[in-house]
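A.B. asks: Input file: model-v9.pdb. Contents: PDB, C-alpha atoms.
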ATOM      1  CA  MET D 156      23.603  52.889  18.878
ATOM      2  CA  ALA D 157      21.403  55.432  20.648
ATOM      3  CA  THR D 158      24.520  57.119  22.013
ATOM      4  CA  ASN D 159      25.952  57.476  18.488
ATOM      5  CA  LEU D 160      22.693  58.975  17.193
ATOM      6  CA  ARG D 161      22.554  61.507  20.004
ATOM      7  CA  ARG D 162      26.192  62.441  19.290
ATOM      8  CA  LEU D 163      25.388  62.874  15.600
ATOM      9  CA  PHE D 164      22.412  65.193  16.235
ATOM     10  CA  SER D 165      24.278  67.205  18.865
ATOM     11  CA  VAL D 166      27.232  67.791  16.551
ATOM     12  CA  SER D 167      24.932  68.925  13.722
ATOM     13  CA  ALA D 168      23.003  71.256  15.988
ATOM     14  CA  GLN D 169      26.203  72.941  17.167
ATOM     15  CA  GLY D 170      27.103  73.873  13.601
ATOM     16  CA  VAL D 171      30.110  71.590  13.226
ATOM     17  CA  LEU D 172      28.749  70.384   9.890
ATOM     18  CA  LEU D 173      31.516  71.061   7.334
ATOM     19  CA  LYS D 174      30.717  72.023   3.767
ATOM     20  CA  LYS D 175      33.139  72.956   0.997
ATOM     21  CA  LYS D 176      31.445  74.805  -1.819
ATOM     22  CA  LEU D 177      32.738  75.273  -5.339
ATOM     23  CA  PRO D 178      31.487  77.771  -7.974
ATOM     24  CA  GLY D 179      28.061  77.362  -9.499
ATOM     25  CA  SER D 180      29.385  76.282 -12.912
ATOM     26  CA  PHE D 181      29.277  72.674 -11.779
ATOM     27  CA  SER D 182      26.226  70.591 -12.413
ATOM     28  CA  SER D 183      25.644  68.605  -9.240
ATOM     29  CA  CYS D 184      26.653  68.244  -5.606
ATOM     30  CA  ARG D 185      26.401  65.424  -3.139
ATOM     31  CA  ASN D 186      26.968  65.284   0.645
ATOM     32  CA  LEU D 187      29.083  62.546   2.144
ATOM     33  CA  CYS D 188      28.770  61.883   5.844
ATOM     34  CA  VAL D 189      31.839  60.401   7.531
ATOM     35  CA  CYS D 190      31.227  58.932  11.007
ATOM     36  CA  SER D 191      33.674  57.790  13.645
ATOM     37  CA  GLY D 192      33.590  57.194  17.347
ATOM     38  CA  GLN D 193      34.578  60.799  18.015
ATOM     39  CA  THR D 194      33.340  63.105  15.216
ATOM     40  CA  THR D 195      30.973  63.306  12.297
ATOM     41  CA  GLU D 196      31.812  65.386   9.201
ATOM     42  CA  SER D 197      29.768  66.228   6.125
ATOM     43  CA  ILE D 198      31.791  67.231   3.015
ATOM     44  CA  THR D 199      30.264  68.515  -0.204
ATOM     45  CA  VAL D 200      31.854  66.846  -3.275
ATOM     46  CA  THR D 201      31.229  68.578  -6.578
ATOM     47  CA  SER D 202      31.036  66.771  -9.918
ATOM     48  CA  SER D 203      32.105  68.467 -13.121
ATOM     49  CA  PRO D 204      30.059  68.173 -16.327
ATOM     50  CA  TYR D 205      33.256  67.854 -18.392
ATOM     51  CA  ASP D 206      33.265  64.171 -19.347
ATOM     52  CA  GLY D 207      32.978  63.082 -15.744
ATOM     53  CA  LEU D 208      36.302  64.667 -14.759
ATOM     54  CA  GLU D 209      36.682  65.216 -11.032
ATOM     55  CA  THR D 210      38.009  68.644 -10.078
ATOM     56  CA  SER D 211      39.801  69.583  -6.910
ATOM     57  CA  LEU D 212      40.360  72.742  -4.921
ATOM     58  CA  GLY D 213      43.691  73.135  -6.782
ATOM     59  CA  GLY D 214      41.890  74.292  -9.917
ATOM     60  CA  ASP D 215      40.847  77.882 -10.561
ATOM     61  CA  ALA D 216      37.306  77.364 -11.777
ATOM     62  CA  ASP D 217      36.541  81.101 -11.692
ATOM     63  CA  LYS D 218      39.064  81.604 -14.513
ATOM     64  CA  GLY D 219      37.992  78.478 -16.383
ATOM     65  CA  PHE D 220      40.896  76.269 -15.261
ATOM     66  CA  LEU D 221      40.209  72.790 -13.958
ATOM     67  CA  ARG D 222      42.205  69.807 -12.786
ATOM     68  CA  TRP D 223      42.839  67.077 -15.375
ATOM     69  CA  ARG D 224      42.117  63.658 -13.895
ATOM     70  CA  ASN D 225      44.926  61.832 -15.738
ATOM     71  CA  GLY D 226      48.102  63.214 -14.174
ATOM     72  CA  GLY D 227      46.759  66.103 -12.109
ATOM     73  CA  GLY D 228      47.726  68.956 -14.439
ATOM     74  CA  THR D 229      45.656  72.075 -15.040
ATOM     75  CA  TYR D 230      43.647  72.718 -18.197
ATOM     76  CA  HIS D 231      41.291  75.388 -19.465
ATOM     77  CA  SER D 232      37.672  74.387 -19.914
ATOM     78  CA  SER D 233      37.796  75.415 -23.601
ATOM     79  CA  ALA D 234      40.748  73.108 -24.365
ATOM     80  CA  VAL D 235      40.044  69.896 -26.273
ATOM     81  CA  ILE D 236      41.984  67.021 -24.728
ATOM     82  CA  ASP D 237      41.666  63.366 -25.634
ATOM     83  CA  SER D 238      40.717  61.213 -22.650
ATOM     84  CA  SER D 239      43.898  59.131 -23.061
ATOM     85  CA  ALA D 240      46.220  62.153 -22.803
ATOM     86  CA  LEU D 241      48.442  62.494 -19.724
ATOM     87  CA  VAL D 242      48.941  65.993 -18.322
ATOM     88  CA  GLU D 243      51.284  65.725 -15.360
ATOM     89  CA  PHE D 244      50.966  67.704 -12.152
ATOM     90  CA  GLY D 245      52.215  71.266 -12.587
ATOM     91  CA  ALA D 246      51.596  71.380 -16.343
ATOM     92  CA  VAL D 247      49.163  73.977 -17.719
ATOM     93  CA  VAL D 248      47.092  73.683 -20.903
ATOM     94  CA  HIS D 249      45.635  77.029 -21.977
ATOM     95  CA  GLU D 250      42.424  77.901 -23.764
ATOM     96  CA  LYS D 251      41.468  76.313 -27.075
ATOM     97  CA  ALA D 252      44.533  74.056 -27.129
ATOM     98  CA  ILE D 253      44.044  70.647 -28.747
ATOM     99  CA  LEU D 254      45.802  67.514 -27.470
ATOM    100  CA  GLY D 255      45.440  64.271 -29.418
ATOM    101  CA  ALA D 256      45.345  60.680 -28.236
ATOM    102  CA  GLU D 257      48.184  59.374 -26.041
ATOM    103  CA  VAL D 258      49.821  62.809 -25.755
ATOM    104  CA  HIS D 259      52.128  63.093 -22.734
ATOM    105  CA  VAL D 260      52.786  66.534 -21.228
ATOM    106  CA  GLY D 261      55.480  66.652 -18.521
ATOM    107  CA  SER D 262      55.422  68.601 -15.259
ATOM    108  CA  ASN D 263      55.848  72.405 -15.379
ATOM    109  CA  THR D 264      55.267  72.453 -19.127
ATOM    110  CA  VAL D 265      53.072  75.222 -20.547
ATOM    111  CA  VAL D 266      50.914  74.568 -23.616
ATOM    112  CA  GLY D 267      49.841  77.968 -24.933
ATOM    113  CA  PRO D 268      46.490  79.061 -26.354
ATOM    114  CA  SER D 269      45.322  77.388 -29.579
ATOM    115  CA  VAL D 270      48.361  75.079 -29.742
ATOM    116  CA  LYS D 271      47.698  71.789 -31.550
ATOM    117  CA  ILE D 272      49.568  68.623 -30.546
ATOM    118  CA  GLY D 273      49.165  65.448 -32.587
ATOM    119  CA  PRO D 274      48.643  61.910 -31.301
ATOM    120  CA  SER D 275      51.377  60.048 -29.391
ATOM    121  CA  THR D 276      53.599  63.117 -29.028
ATOM    122  CA  LYS D 277      55.637  63.269 -25.822
ATOM    123  CA  ILE D 278      56.708  66.559 -24.243
ATOM    124  CA  GLY D 279      59.219  66.654 -21.410
ATOM    125  CA  TYR D 280      59.549  68.829 -18.315
ATOM    126  CA  ASN D 281      59.754  72.649 -18.269
ATOM    127  CA  VAL D 282      58.824  73.005 -21.943
ATOM    128  CA  SER D 283      57.074  76.046 -23.404
ATOM    129  CA  VAL D 284      55.075  75.597 -26.614
ATOM    130  CA  SER D 285      53.044  78.492 -27.996
ATOM    131  CA  ASN D 286      51.916  79.783 -31.390
ATOM    132  CA  CYS D 287      52.593  76.405 -32.989
ATOM    133  CA  SER D 288      51.239  73.111 -34.228
ATOM    134  CA  ILE D 289      53.053  69.832 -33.577
ATOM    135  CA  GLY D 290      52.528  66.633 -35.542
ATOM    136  CA  GLU D 291      52.163  63.065 -34.367
ATOM    137  CA  LEU D 292      54.804  60.822 -32.752
ATOM    138  CA  CYS D 293      57.092  63.756 -31.935
ATOM    139  CA  LEU D 294      59.489  63.826 -28.998
ATOM    140  CA  ILE D 295      60.258  67.172 -27.352
ATOM    141  CA  HIS D 296      62.870  67.040 -24.613
ATOM    142  CA  ASN D 297      63.181  69.059 -21.421
ATOM    143  CA  GLY D 298      63.525  72.834 -21.550
ATOM    144  CA  VAL D 299      62.550  73.328 -25.206
ATOM    145  CA  CYS D 300      60.936  76.643 -26.185
ATOM    146  CA  VAL D 301      58.818  76.766 -29.340
ATOM    147  CA  GLY D 302      56.854  79.701 -30.734
ATOM    148  CA  GLN D 303      58.349  82.696 -28.946
ATOM    149  CA  ASP D 304      59.024  85.943 -30.805
ATOM    150  CA  GLY D 305      61.912  86.048 -33.238
ATOM    151  CA  PHE D 306      64.809  88.496 -32.973
ATOM    152  CA  GLY D 307      63.639  91.225 -35.336
ATOM    153  CA  PHE D 308      64.299  94.956 -34.877
ATOM    154  CA  TYR D 309      64.903  98.073 -36.960
ATOM    155  CA  VAL D 310      66.086 101.600 -36.232
ATOM    156  CA  ASP D 311      63.552 104.360 -36.866
ATOM    157  CA  GLU D 312      64.228 107.948 -37.998
ATOM    158  CA  GLN D 313      64.817 109.072 -34.422
ATOM    159  CA  GLY D 314      67.407 106.354 -33.864
ATOM    160  CA  ASN D 315      65.167 104.267 -31.640
ATOM    161  CA  MET D 316      65.264 100.474 -31.761
ATOM    162  CA  VAL D 317      61.786  99.297 -32.795
ATOM    163  CA  LYS D 318      60.581  95.703 -32.628
ATOM    164  CA  LYS D 319      59.221  94.182 -35.824
ATOM    165  CA  PRO D 320      55.876  92.370 -35.466
ATOM    166  CA  GLN D 321      56.198  88.635 -34.875
ATOM    167  CA  ALA D 322      52.683  87.347 -35.462
ATOM    168  CA  LEU D 323      52.872  83.992 -37.262
ATOM    169  CA  ASN D 324      53.417  80.443 -36.064
ATOM    170  CA  VAL D 325      55.717  77.426 -36.013
ATOM    171  CA  LYS D 326      54.692  74.277 -37.851
ATOM    172  CA  ILE D 327      56.390  71.055 -36.762
ATOM    173  CA  GLY D 328      55.840  67.916 -38.818
ATOM    174  CA  ASN D 329      55.462  64.275 -37.813
ATOM    175  CA  ARG D 330      58.093  62.151 -36.028
ATOM    176  CA  VAL D 331      60.275  65.165 -35.242
ATOM    177  CA  GLU D 332      62.637  65.010 -32.251
ATOM    178  CA  ILE D 333      63.811  68.226 -30.593
ATOM    179  CA  GLY D 334      66.674  68.126 -28.089
ATOM    180  CA  ALA D 335      66.844  69.789 -24.688
ATOM    181  CA  ASN D 336      66.963  73.591 -24.435
ATOM    182  CA  THR D 337      66.477  74.120 -28.149
ATOM    183  CA  CYS D 338      64.635  77.298 -29.231
ATOM    184  CA  ILE D 339      62.481  77.675 -32.350
ATOM    185  CA  ASP D 340      61.111  81.171 -33.064
ATOM    186  CA  ARG D 341      57.724  81.903 -34.592
ATOM    187  CA  GLY D 342      57.456  83.490 -38.021
ATOM    188  CA  SER D 343      57.031  87.139 -38.959
ATOM    189  CA  TRP D 344      56.346  87.103 -42.713
ATOM    190  CA  ARG D 345      56.063  83.316 -43.174
ATOM    191  CA  GLU D 346      55.678  80.391 -40.796
ATOM    192  CA  THR D 347      58.715  78.684 -39.346
ATOM    193  CA  VAL D 348      58.583  75.075 -40.573
ATOM    194  CA  ILE D 349      60.291  71.875 -39.409
ATOM    195  CA  GLY D 350      59.751  68.990 -41.852
ATOM    196  CA  ASP D 351      58.777  65.399 -41.102
ATOM    197  CA  ASP D 352      61.369  63.055 -39.537
ATOM    198  CA  THR D 353      63.857  65.841 -38.820
ATOM    199  CA  LYS D 354      66.022  65.301 -35.715
ATOM    200  CA  ILE D 355      67.388  68.250 -33.742
ATOM    201  CA  ASP D 356      70.053  67.988 -31.038
ATOM    202  CA  ASN D 357      70.391  69.982 -27.803
ATOM    203  CA  LEU D 358      71.007  73.737 -27.655
ATOM    204  CA  VAL D 359      70.013  74.503 -31.236
ATOM    205  CA  GLN D 360      68.710  77.954 -32.235
ATOM    206  CA  ILE D 361      66.317  78.210 -35.182
ATOM    207  CA  GLY D 362      65.335  81.766 -36.064
ATOM    208  CA  HIS D 363      62.060  83.152 -37.365
ATOM    209  CA  ASN D 364      60.829  82.297 -40.875
ATOM    210  CA  VAL D 365      63.296  79.403 -41.222
ATOM    211  CA  VAL D 366      62.101  76.494 -43.354
ATOM    212  CA  ILE D 367      63.743  73.088 -42.800
ATOM    213  CA  GLY D 368      62.889  70.126 -45.009
ATOM    214  CA  LYS D 369      62.269  66.498 -44.125
ATOM    215  CA  SER D 370      64.747  64.013 -42.623
ATOM    216  CA  CYS D 371      67.355  66.619 -41.714
ATOM    217  CA  LEU D 372      69.881  66.163 -38.906
ATOM    218  CA  LEU D 373      70.989  69.166 -36.830
ATOM    219  CA  CYS D 374      73.734  68.509 -34.288
ATOM    220  CA  GLY D 375      74.351  70.363 -31.048
ATOM    221  CA  GLN D 376      74.744  74.155 -30.918
ATOM    222  CA  VAL D 377      73.733  74.713 -34.534
ATOM    223  CA  GLY D 378      72.509  78.255 -35.152
ATOM    224  CA  ILE D 379      70.257  79.119 -38.081
ATOM    225  CA  ALA D 380      69.511  82.805 -38.605
ATOM    226  CA  GLY D 381      66.151  84.124 -39.728
ATOM    227  CA  SER D 382      64.584  83.423 -43.117
ATOM    228  CA  ALA D 383      67.122  80.728 -44.081
ATOM    229  CA  GLU D 384      65.810  77.824 -46.130
ATOM    230  CA  ILE D 385      67.191  74.275 -45.865
ATOM    231  CA  GLY D 386      66.262  71.396 -48.151
ATOM    232  CA  ASP D 387      65.682  67.709 -47.425
ATOM    233  CA  TYR D 388      68.256  65.249 -46.016
ATOM    234  CA  VAL D 389      70.629  68.004 -44.918
ATOM    235  CA  VAL D 390      73.149  67.267 -42.130
ATOM    236  CA  LEU D 391      74.589  70.133 -40.085
ATOM    237  CA  GLY D 392      77.522  69.193 -37.850
ATOM    238  CA  GLY D 393      78.053  70.607 -34.379
ATOM    239  CA  ARG D 394      78.182  74.413 -34.077
ATOM    240  CA  VAL D 395      77.426  75.037 -37.752
ATOM    241  CA  ALA D 396      76.209  78.589 -38.377
ATOM    242  CA  VAL D 397      73.858  79.539 -41.210
ATOM    243  CA  ARG D 398      73.424  83.246 -41.938
ATOM    244  CA  ASP D 399      70.072  84.850 -42.655
ATOM    245  CA  HIS D 400      68.309  84.715 -46.027
ATOM    246  CA  VAL D 401      70.506  81.982 -47.528
ATOM    247  CA  SER D 402      69.330  78.646 -48.897
ATOM    248  CA  ILE D 403      70.890  75.184 -48.784
ATOM    249  CA  VAL D 404      69.893  72.649 -51.403
ATOM    250  CA  SER D 405      68.888  69.102 -50.440
ATOM    251  CA  LYS D 406      71.469  66.408 -49.610
ATOM    252  CA  VAL D 407      74.168  68.720 -48.286
ATOM    253  CA  ARG D 408      76.455  67.818 -45.380
ATOM    254  CA  LEU D 409      78.339  70.499 -43.473
ATOM    255  CA  ALA D 410      81.356  69.773 -41.281
ATOM    256  CA  ALA D 411      81.400  70.929 -37.669
ATOM    257  CA  ASN D 412      82.189  74.608 -36.996
ATOM    258  CA  SER D 413      81.406  75.573 -40.583
ATOM    259  CA  CYS D 414      79.702  78.829 -41.479
ATOM    260  CA  VAL D 415      77.365  79.220 -44.434
ATOM    261  CA  THR D 416      77.638  82.797 -45.672
ATOM    262  CA  LYS D 417      76.063  82.349 -49.110
ATOM    263  CA  SER D 418      73.609  79.924 -50.662
ATOM    264  CA  ILE D 419      74.692  76.359 -51.466
ATOM    265  CA  THR D 420      73.172  75.281 -54.766
ATOM    266  CA  GLU D 421      74.725  71.845 -55.322
ATOM    267  CA  PRO D 422      74.527  68.745 -53.093
ATOM    268  CA  GLY D 423      77.694  67.447 -51.489
ATOM    269  CA  ASP D 424      80.010  67.890 -48.520
ATOM    270  CA  PHE D 425      81.113  71.348 -47.385
ATOM    271  CA  GLY D 426      83.198  72.837 -44.619
ATOM    272  CA  GLY D 427      85.117  75.884 -43.447
ATOM    273  CA  PHE D 428      84.464  79.551 -42.774
ATOM    274  CA  PRO D 429      83.119  80.575 -45.217
ATOM    275  CA  SER D 430      81.952  77.116 -46.266
ATOM    276  CA  VAL D 431      83.399  75.670 -49.484
ATOM    277  CA  PRO D 432      83.410  72.171 -51.017
ATOM    278  CA  ILE D 433      85.065  69.745 -48.626
ATOM    279  CA  HIS D 434      88.103  68.993 -50.842
ATOM    280  CA  GLN D 435      88.845  72.688 -51.236
ATOM    281  CA  TRP D 436      88.547  73.181 -47.472
ATOM    282  CA  ARG D 437      90.980  70.344 -46.794
ATOM    283  CA  ARG D 438      93.508  71.862 -49.210
ATOM    284  CA  GLN D 439      93.171  75.163 -47.385
ATOM    285  CA  ILE D 440      93.996  73.463 -44.083
ATOM    286  CA  VAL D 441      97.036  71.676 -45.526
ATOM    287  CA  GLU D 442      98.344  74.868 -47.166
ATOM    288  CA  ALA D 443      97.890  76.767 -43.906
ATOM    289  CA  LYS D 444      99.920  74.147 -42.012
ATOM    290  CA  ILE D 445     102.705  74.167 -44.602
ATOM    291  CA  PHE D 446     102.840  77.963 -44.603
ATOM    292  CA  SER D 447     103.038  78.087 -40.796
ATOM    293  CA  LYS D 448     106.097  75.785 -40.831
ATOM    294  CA  ARG D 449     108.084  77.895 -43.284
ATOM    295  CA  LYS D 450     110.968  79.829 -41.828
ATOM    296  CA  PRO D 451     110.707  83.630 -42.092
TER     297      PRO D 451
END
Please express the file's structure as C-alpha cells.

C.D. replies:
Amino acid sequence: MATNLRRLFSVSAQGVLLKKKLPGSFSSCRNLCVCSGQTTESITVTSSPYDGLETSLGGDADKGFLRWRNGGGTYHSSAVIDSSALVEFGAVVHEKAILGAEVHVGSNTVVGPSVKIGPSTKIGYNVSVSNCSIGELCLIHNGVCVGQDGFGFYVDEQGNMVKKPQALNVKIGNRVEIGANTCIDRGSWRETVIGDDTKIDNLVQIGHNVVIGKSCLLCGQVGIAGSAEIGDYVVLGGRVAVRDHVSIVSKVRLAANSCVTKSITEPGDFGGFPSVPIHQWRRQIVEAKIFSKRKP
C-alpha cells in the first residue's frame, strides 16, 4: 500500500497528471483518478447544462454544436429536440431546428436551420431537409432532398441569365411517405405543399410552388413543373409529366408516360401525349396501329 502511494505522489510530481479541458460554456467539471499497478491518470470530465446530455470531444462547442446522447449525432445548442428523438452518428441538426417526440434521423442526414419535424417521423440516410416543415408520422427514405432552390431564371436586357429569388418554404403534411432520391423544391411566390397521406415513389421531381392535395399517389420518375396545382386523390402513373402552371382537378388518374399540357377540369382517367380522356387515347392507339398496317 505504501509503495502504491509513493508511486502515486511521484507520478503527480513529475507532471504526468492528464487533464482534458473543454470550453468554459459548460457548468461543472469533475476529476476522475484511474489507478493501476503501473500508472495513475487523472481525466477531467465535463458535464453539459443541456438536460444532462454528455458531450464528447467530437462536438464543436465553440460553434455551438454538441453531441446528442441518443445516437451520437451532432446538434446545435439552439435546436429544440425531444429527449426521445434519435439522431444517429454523422447526422447534423442545425440551429433553431425543432424535432418532436420519437423522431428518427439517419446517419449523414442534414436537418437545416429552423426546420420543424413532427412526432414519430422517420428520416433515412443521406437526406437533406431545409426550408421546410414536416408533419407527424412521415417516412422519408434515403437520399431525399427537400427545400432546395427551385429552377427559376430569366434573361435580363443584357442577355444574362439571372436567378429568380427562391425564398419560401416546403410544407409537408402528416403521414406522407417520400421515396428515395426524390427532390422537392422550395417556393418562390407561394409555398410548395404536399397534402396529408400523400405517397411519393422514388426519383420524383416536384418543382417550386407546386401544391399537391391529400391522399395522392405519385409513381416513380414523375416530374411536376413549377406552380402546378394537383387536387385530392390524384394518381400519377410512372414517368407522368405535368407542365408548369396547369391544374388537375381531384380524382384524376393518369396512365404511365402521359404528359399533361393543359389543365384537367373533370375527374376521370386520362392518358397520352398530350393527355386526353382514356377512351379517346385508346382509340388513337388503335387507329395508329391500323394505319401502320395499311399498304402504301

A.B. asks: Around all listed atoms of stretch 411-416 of chain D, padded 4 Å per side, what centre and edge lengths does the axis-aligned box have in Å to one decimal, as JSON?

C.D. replies:
{"center_x": 79.8, "center_y": 76.9, "center_z": -41.3, "size_x": 12.8, "size_y": 19.9, "size_z": 16.7}

A.B. asks: Find the residues near stretch 286-288 of chain D: any atom within 8 Å, counting all atoms listed in the file, skip ones fewer than 4 places away on the same chain, and give them as an MDAnalysis selection string.

C.D. replies: chainID D and resid 267:272 301:303 323:327 341

A.B. asks: Of the candidates D:Ile278, D:Cys293, D:Val389, D:Leu221, which shows the shortest atom-to-atom distance to D:Leu241, using only C-alpha atoms?

C.D. replies: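 For D:Leu241, the nearest of the candidates is D:Ile278.
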
A.B. asks: At a cut-off of 12 Å from (53.6, 64.9, -37.6) in the coordinates of the file, what residues are picked up using only C-alpha atoms, written as a list in words?

C.D. replies: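 Those residues, ordered by chain and then number, are Gly255, Lys271, Ile272, Gly273, Pro274, Ser275, Thr276, Ser288, Ile289, Gly290, Glu291, Leu292, Cys293, Leu294, Lys326, Ile327, Gly328, Asn329, Arg330, Val331, Glu332, Val348, Ile349, Gly350, Asp351, Asp352, Thr353 and Lys369 of chain D.
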
A.B. asks: Work out how far atom CA of D:Asn412 is from atom CA of D:Ile433, in Å to one decimal.

C.D. replies: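 Spanning atom CA of D:Ile433 to atom CA of D:Asn412 is a straight-line distance of 12.9 Å.
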
A.B. asks: Pick out the residues sitting within 9 Å of D:Gly305, and hand them over as a count of residues only; count only C-alpha atoms, and ignore anything fewer than 3 positions along from it in its own chain.

C.D. replies: 12

A.B. asks: For atom CA of D:Ile379 and atom CA of D:Arg398, quote the distance in Å rounded to one decimal.

C.D. replies: 6.5 Å

A.B. asks: Evaluate the PyMOL selection byres ((chain D and resi 300) around 7) here and jot the selected residues down as a ChimeraX atom specification.

C.D. replies: /D:282-284,298-299,301-302,336-339

A.B. asks: May I have the selected residues written with C-alpha atoms, as an mmCIF file, in the coordinates of the input?

C.D. replies:
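Ended up saving to part.cif:
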data_model
loop_
_atom_site.group_PDB
_atom_site.id
_atom_site.type_symbol
_atom_site.label_atom_id
_atom_site.label_comp_id
_atom_site.auth_asym_id
_atom_site.auth_seq_id
_atom_site.Cartn_x
_atom_site.Cartn_y
_atom_site.Cartn_z
ATOM 1 C CA VAL D 282 58.824 73.005 -21.943
ATOM 2 C CA SER D 283 57.074 76.046 -23.404
ATOM 3 C CA VAL D 284 55.075 75.597 -26.614
ATOM 4 C CA GLY D 298 63.525 72.834 -21.550
ATOM 5 C CA VAL D 299 62.550 73.328 -25.206
ATOM 6 C CA VAL D 301 58.818 76.766 -29.340
ATOM 7 C CA GLY D 302 56.854 79.701 -30.734
ATOM 8 C CA ASN D 336 66.963 73.591 -24.435
ATOM 9 C CA THR D 337 66.477 74.120 -28.149
ATOM 10 C CA CYS D 338 64.635 77.298 -29.231
ATOM 11 C CA ILE D 339 62.481 77.675 -32.350
#

A.B. asks: For this structure, which residues satisfy the selection - the PyMOL selection byres ((chain D and resi 419-429) around 7) - when it is evaluated on the file as given? I want them as an MDAnalysis selection string.

C.D. replies: chainID D and resid 402:410 413:418 430:433 436

A.B. asks: Just to confirm, what's the straight-line distance from atom CA of D:Ile253 to atom CA of D:Gly227 in Å (one decimal)?

C.D. replies: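 Answer for the atom CA of D:Ile253 to atom CA of D:Gly227 separation: 17.5 Å.
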
A.B. asks: Is it possible to get the residues within 6 Å of (46.6, 58.8, -24.2) (coordinates as in the file, counting all atoms listed in the file) written as number ranges by chain?

C.D. replies: D: 239-240, 256-258

A.B. asks: Which is closer to D:Ala335 than all the others in D:Gly279, D:Gly261, D:Gly368, D:Gly307, using all atoms listed in the file?

C.D. replies: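 With all atoms listed in the file as the atom set, the closest residue is D:Gly279.
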
A.B. asks: Using only C-alpha atoms, can you tell me which of D:Phe308, D:Tyr280, D:Tyr230, D:Phe244 comes closest to D:Lys218?

C.D. replies: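 Comparing D:Phe308, D:Tyr280, D:Tyr230, D:Phe244 against D:Lys218, the winner is D:Tyr230.
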
A.B. asks: Pick the closest to D:Gly393 from D:Ala411, D:Val248, D:Met316, D:Ile236: which is it, counting all atoms listed in the file?

C.D. replies: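 Of the candidates, the smallest distance to D:Gly393 is held by D:Ala411.
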
A.B. asks: To verify the selection step, state as an MDAnalysis selection string which residues the PyMOL selection byres ((chain D and resi 235) around 8) yields on this input.

C.D. replies: chainID D and resid 233:234 236:237 251:254
